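Below: one structure, written as structure tokens.
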Amino acid sequence: MSDVSAVLIEARGLKKVYGRPGDKTGFTAVDGIDFQVRRGEAFGVLGANGAGKSSTMRMIACVSPVTEGSLRILGWDTGRDGARIRARLGVVPQDDTIDSELTVRENLLIYGRYFGLSWKVLRERSARLLEFARLTEKAGDAVATLSGGMRRRLTIARALINEPEIVLLDEPTTGLDPQARHLLWERLFQLKQDGVTLLLTTHYMDEAEQLCDRLVVMDAGKIVAEGTPAELIARHTLREVLELRFAPGERQVMIEKCRGLAERIEELPDRLLLSTDNGEETLSAVHRQGVQPLTALVRRSSLEDVFLTLTGRSLLD
Amino acid sequence: MTAMPVGAPTGRAWTMVERNLLIYRHTWPVLLAEIFEPMLYLVAFGVGVGLLVGDVPGLDASISYPRFVAPALLATAAMNGAMNETTFNMYGKLTTDKTYESILTTPMSVRSVALGEVLWALVRGSVVATVFLVVVSVFGLAELPGALLVVPGALLIGFAFAALGLLTVTFLRSWQDFQLIQLVMLPMFLFATTFFPLDVYPRPVQVLVEVLPLYHSVELIRAAFLGTGGANPVVAVAYLAVLGTVALAVAVRRLENTLRP
Amino acid sequence: MDTLARAFSAPAFRELGYWLFRYRRTWRGSIVISVGNPLLFLTALGLGLGKLVDHGNSAYLQGHSYLTFILPGILIAGVMQTAFLEASGPVMQGALPRGSYRAAASTPLEPAGILYGHLMYWTLRAAQNAVLFTCVSMLFGTVDPARAPLLVLVAILVAVAFASPAAAWAVTVTRPSQINAMFRFVVLPLYMFSGTFFPIEQLPDWLRRLAWLTPLWHGVDLGRTVALGTATTSGVLVHLAYLAVMVAAGLYVARRTYRRRLYV
């Protein structure tokens with residue numbers, strides 16, 4: 001671990017086309033992307049459903065062959081050295097693929113056996129990981145009795161059984177309640193402190209801001225932006241957003257009056273968003289125009305604004 | 001960081017058996033049911049219908065009807081046990097439970113998963129066959145130790161049908177398709193000389209029956225059971241070995257495409 | 001009479017409509033199976049095994065060929081088996097938290113309406129199977145066309161007699177393995193030892209008495225005596241009474257278990 005800036009994952013012109021082998025006319029999920037992930041960083045992949053995040057993750061996990069381009073992990077080629085790479089990865093898939101026929105502890109043990117670890121090592125590690133995932137009391141229970149948050153924690157504990165260098169997390173907190181999300185973030189942060197490289201996809205912008213050192217935004221199989229969360233916000237939005245709501249009858253008139261008050265104005269069915277460097281000033285300007293909104297809200301620009309600016313607002317699937 | 005030894009892929013297959021052994025610690029009564037069913041058939045047909053039949057025409061008078069039926073039921077049990085494991089149970093793990101998806105994120109290969117499931121089908125098949133054999137020999141329907149040859153016979157049948165099941169599961173589109181499997185398995189069970197000898201049929205039908213894999217399985221087990229040798233067991237062994245090997249090879253290739261799209 | 005009126009109430013027909021709607025996807029396969037199964041069983045057992053049995057010339061068959069003997073047995077036992085399968089797995093699934101019964105129960109449908117609607121579906125399915133089976137057996141020339149409709153009616157009665165208690169039990173079940181166990185350890189033995197494949201008269205005395213107590217024997221014997229024209233008034237009355245009690249008791253319990261399971 002001497003070289004902290006060592007590149008662990010490197011994709012060049014990475015492409016994934018689903019269809020018959022050799023036939024390149026199928027559905028293109030990932031359309032030629034380049035990125036690098038360095039040792040010890042938390043790298044995020046953002047994107048709406050269908051943007052190509054999961055396909056990218058599956059290629060990195062060496063469970064889905066690369067159609068075109070190159071993907072090197074830990075210096076090895078994913079096509080040739082899949083098993084060797086997988087031995088050093090931890091994978092937390094989007095759906096919890098816990099073995100429903102086994103108990104909580106047995107899940108950790110058998111999964112470790114797939115890595116060729118000895119029972120002796122596994123007994124010790126599983127006890128430690130159950131503690132880490134706060135599942136020690138549940139060790140002998142059937143997995144069907146676990147709550148959503150517990151299942152997620154078990155999946156993460158399972159991904160750590162081989163003491164991986166890189167952990168891949170595909171939408172780790174989707175569907176969890178706030179308590180469960182915060183506990184999970186805390187555990188992930190702890191992993192990062194321990195020097196584990198994290199690669200995660202999410203469509204929660206607060207999660208990306210919390211966890212990621214660097215991230216890319218994907219749209220329709222391509223990378224449309226890259227940088228730290230702060231860089232992206234600075235580059236793609238103004239500092240603040242003013243949100244205005246109007247009574248349905250006067251909405252159109254009010255919108256006309258607001259024209260030219262901000263650098264960028266976005267009309268939504270229920271709201272008007274004005275991007276600006278100073279929200280309060282813009283609000284005063286709005287009032288001076290004689291516009292009386294039902295509600296007015298000034299807030300800091302977030303990654304969510306970056307995301308919607310870059311990928312548009314219409315549903316993708 | 002621990003460096004992970006990357007063993008031979010077939011060595012890993014055994015972990016699939018370990019997984020199933022852990023599960024069967026809780027669900028072993030399933031195996032009991034698998035032995036119970038052929039026993040029911042043996043009592044109903046071997047004994048019940050056997051009383052109506054009397055001597056089997058065209059067979060040695062020393063071979064009573066129950067002795068004729070018992071080996072066929074054992075062969076069928078070996079077939080069903082193996083097929084169930086690699087079709088029904090495996091389809092559940094492929095679709096509903098997505099068990100393999102997480103297994104394949106480890107260094108396990110598709111090949112070791114497939115071989116592991118077949119290996120497991122063999123382990124449980126040999127248990128079922130041995131218990132069945134012991135029970136029927138208590139009732140004097142088989143003579144130990146000669147009939148012990150039945151166990152390797154059952155293993156071969158288990159291998160052939162586990163591989164065939166593995167191939168079948170790669171073609172299934174939904175749970176509905178299990179009706180189609182039934183549509184093949186049921187007539188095979190009824191016609192593969194389970195309940196009556198081949199010479200009941202006219203010659204053209206005999207040829208059709210002789211093509212069925214269960215027919216060869218029954219031939220094999222019956223020869224071991226009754227201690228009759230002859231050329232047929234050799235043909236049966238060759239038939240089942242080739243069938244199993246080819247099915248397994250094709251199945252692994254097809255599974256590779258399903259599991260690693 | 002109250003029960004009967006509620007059984008054919010409009011809400012029950014809505015539930016029937018749901019199952020028929022689902023059946024649109026599987027009816028082709030089910031018809032292939034209802035025609036294929038009798039063809040296979042009658043050919044293999046009636047004609048194939050029949051050669052051995054007829055050669056044995058047992059007095060217990062009273063001069064009938066084995067094919068003639070087992071035909072009603074296979075029909076009745078088969079209908080029983082289908083009734084159990086249809087009224088166990090789908091009922092359990094329906095009553096599970098994400099099951100179709102739950103959706104129905106959140107509409108004005110009452111648990112009893114759900115039960116009766118589903119029961120109508122099983123009845124229709126049994127009628128379909130029995131009619132197709134009887135048509136196929138005519139090909140073998142062993143069923144008198146005049147007695148065929150009666151045989152179909154007996155088959156439908158047996159299906160309802162088994163579906164009702166099966167549903168009453170299955171709605172309380174939460175694991176498929178329980179249904180598997182019930183099938184293997186109860187339904188399958190009934191299937192094989194109720195005079196389906198061999199006359200119970202040849203059993204030892206105590207076993208024969210035991211067989212008389214089992215429900216399927218009453219169905220099989222009723223179907224067989226009707227098909228062979230050997231029915232006696234007293235025999236028919238006893239069989240009908242036994243099956244009627246099964247229907248009544250099954251529905252009585254099912255109404256309660258459905259209500260208890262769906263309205264927690």
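Chain lettering (A, B, ...) mirrors the order of the structure tokens, residue numbering begins at 1 for each chain separately, and ligand numbering begins at 1 in order of display.
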Residues within 7 Å of Asp55 (chain B), only C-alpha atoms, excluding chain neighbours under 5 positions, as a PyMOL selection string: chain B and resi 61+64-65
Which chain A residues are at most 9 Å from chain B (counting only C-alpha atoms), as a PyMOL selection string? chain A and resi 18-19+21+61-65+82-93+96-103+106+110-117+162-165
Polymer residues at most 7 Å from region 39-49 of chain B, only C-alpha atoms, same-chain spacing of 5 or more positions, as a PDB file with C-alpha atoms, in the first residue's frame:
ATOM      1  CA  TYR B  65     -43.484 -59.581 -10.094  1.00  0.00           C
ATOM      2  CA  PRO B  66     -42.234 -57.486  -7.127  1.00  0.00           C
ATOM      3  CA  VAL B  69     -40.670 -54.018 -10.540  1.00  0.00           C
ATOM      4  CA  ALA B  70     -38.309 -53.106  -7.657  1.00  0.00           C
TER       5      ALA B  70
ATOM      6  CA  PRO C 189     -50.878 -43.122  -0.721  1.00  0.00           C
ATOM      7  CA  MET C 192     -52.469 -45.778  -4.926  1.00  0.00           C
ATOM      8  CA  PHE C 193     -54.372 -47.686  -2.255  1.00  0.00           C
ATOM      9  CA  PHE C 197     -55.021 -50.047  -9.588  1.00  0.00           C
ATOM     10  CA  PHE C 198     -56.134 -53.254  -7.863  1.00  0.00           C
TER      11      PHE C 198
END
Of the candidates C:Leu150, C:Ala241, C:Ala155, C:Val143, which shows the shortest atom-to-atom distance to Thr123 (chain C), using only C-alpha atoms?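 Using only C-alpha atoms, the shortest distance to Thr123 (chain C) belongs to C:Ala155.
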For chain C, which of B:Val242, B:Met79, B:Leu32, B:Leu148 is the closest residue, counting only C-alpha atoms?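 Result for the nearest residue to chain C: B:Leu32.
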Counting only C-alpha atoms, which residues of chain B sit at most 7 Å from some atom of chain C, and what is each one's closest atom pair with its distance in Å to one decimal, listed by chain and rising residue number, as a tab-separated table?
residue	atom	partner	partner_atom	distance
B:Ala33	CA	C:Arg184	CA	6.8
B:Leu40	CA	C:Pro189	CA	6.8
B:Ala44	CA	C:Met192	CA	6.0
B:Gly48	CA	C:Phe198	CA	6.0
B:Val49	CA	C:Phe198	CA	5.6
B:Leu52	CA	C:Ser58	CA	5.5
B:Val53	CA	C:Val53	CA	4.4
B:Gly54	CA	C:Gly56	CA	5.7
B:Val56	CA	C:Leu52	CA	6.6
B:Pro57	CA	C:Leu52	CA	6.9
B:Pro187	CA	C:Leu40	CA	6.3
B:Leu190	CA	C:Ala44	CA	6.0
B:Phe191	CA	C:Ala44	CA	6.2
B:Phe195	CA	C:Leu49	CA	6.4
B:Phe196	CA	C:Leu49	CA	5.7
B:Val200	CA	C:Gly48	CA	6.4
Residue contacts of Gly146 (chain B) (8 Å, only C-alpha atoms) excluding same-chain residues fewer than 6 positions away, as a PyMOL selection string: chain B and resi 224-225+227
What's the 9 Å shell around Tyr215 (chain B), counting only C-alpha atoms, without same-chain residues fewer than 5 positions away, as a count of residues only? 11
Write out as a ChimeraX atom specification the set of residues from region 36-261 of chain B that DSSP, computed on the backbone, places in helix (DSSP H, G or I). /B:36-53,65-94,99-103,110-138,146-169,175-191,198-200,203-211,213-226,232-259
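Residues of region 87-116 of chain A that DSSP, applied to the backbone, places in strand (DSSP E or B): A:Leu89, A:Gly90, A:Val91, A:Val92, A:Thr103.
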Could the residues in this selection be saved with C-alpha atoms as a PDB file, in the first residue's frame?
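Dumped to part_0.pdb:
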ATOM      1  CA  LEU A  89     -13.005  -7.868  -4.987  1.00  0.00           C
ATOM      2  CA  GLY A  90     -15.990  -7.548  -2.694  1.00  0.00           C
ATOM      3  CA  VAL A  91     -19.323  -7.187  -4.462  1.00  0.00           C
ATOM      4  CA  VAL A  92     -22.560  -5.763  -3.066  1.00  0.00           C
ATOM      5  CA  THR A 103     -28.792 -18.938   7.991  1.00  0.00           C
TER       6      THR A 103
END
I'd like the neighbourhood of region 134-142 of chain B as an NGL selection string, where a residue qualifies if any of its atoms comes within 7 Å (using only C-alpha atoms), though same-chain residues fewer than 3 positions away should be ignored. :B and (67 or 130-131 or 147 or 225-226)
Next, write the just-selected residues to a file, as an mmCIF file, in the first residue's frame, keeping N, CA and C atoms as the atom set.
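Printed below is again-v3.cif as written:
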data_model
loop_
_atom_site.group_PDB
_atom_site.id
_atom_site.type_symbol
_atom_site.label_atom_id
_atom_site.label_comp_id
_atom_site.auth_asym_id
_atom_site.auth_seq_id
_atom_site.Cartn_x
_atom_site.Cartn_y
_atom_site.Cartn_z
ATOM 1 N N ARG B 67 -40.106 -58.566 -7.679
ATOM 2 C CA ARG B 67 -38.676 -58.547 -7.992
ATOM 3 C C ARG B 67 -38.420 -57.939 -9.356
ATOM 4 N N THR B 130 -28.928 -46.398 -1.811
ATOM 5 C CA THR B 130 -28.468 -47.349 -0.803
ATOM 6 C C THR B 130 -29.589 -47.683 0.176
ATOM 7 N N VAL B 131 -30.300 -46.658 0.651
ATOM 8 C CA VAL B 131 -31.385 -46.921 1.600
ATOM 9 C C VAL B 131 -32.459 -47.789 0.956
ATOM 10 N N ALA B 147 -26.056 -57.545 -5.028
ATOM 11 C CA ALA B 147 -26.861 -56.423 -5.500
ATOM 12 C C ALA B 147 -26.222 -55.066 -5.188
ATOM 13 N N PHE B 225 -29.508 -56.128 -9.878
ATOM 14 C CA PHE B 225 -30.465 -56.573 -8.877
ATOM 15 C C PHE B 225 -30.673 -58.080 -8.923
ATOM 16 N N LEU B 226 -30.922 -58.547 -10.120
ATOM 17 C CA LEU B 226 -31.281 -59.962 -10.272
ATOM 18 C C LEU B 226 -30.055 -60.826 -10.498
#
Pick out the residues sitting within 8 Å of Ala83 (chain C), and hand them over as a PyMOL selection string; count only C-alpha atoms, and ignore anything fewer than 4 positions along from it in its own chain. chain C and resi 79+87+122+126+159-160+162-163
What does the distance from CA of Thr76 (chain B) to CA of Leu248 (chain B) come to in Å, to one decimal?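 Spanning CA of Thr76 (chain B) to CA of Leu248 (chain B) is a straight-line distance of 20.2 Å.
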Would you compute the distance between CA of Leu261 (chain A) and CA of His287 (chain A)? Give it in Å to one decimal.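 Straight-line distance from CA of Leu261 (chain A) to CA of His287 (chain A) works out to 10.8 Å.
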Provide the CA of Glu263 (chain A) to CA of Glu304 (chain A) distance in Å, to one decimal place.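 Separation of CA of Glu263 (chain A) and CA of Glu304 (chain A): 18.4 Å.
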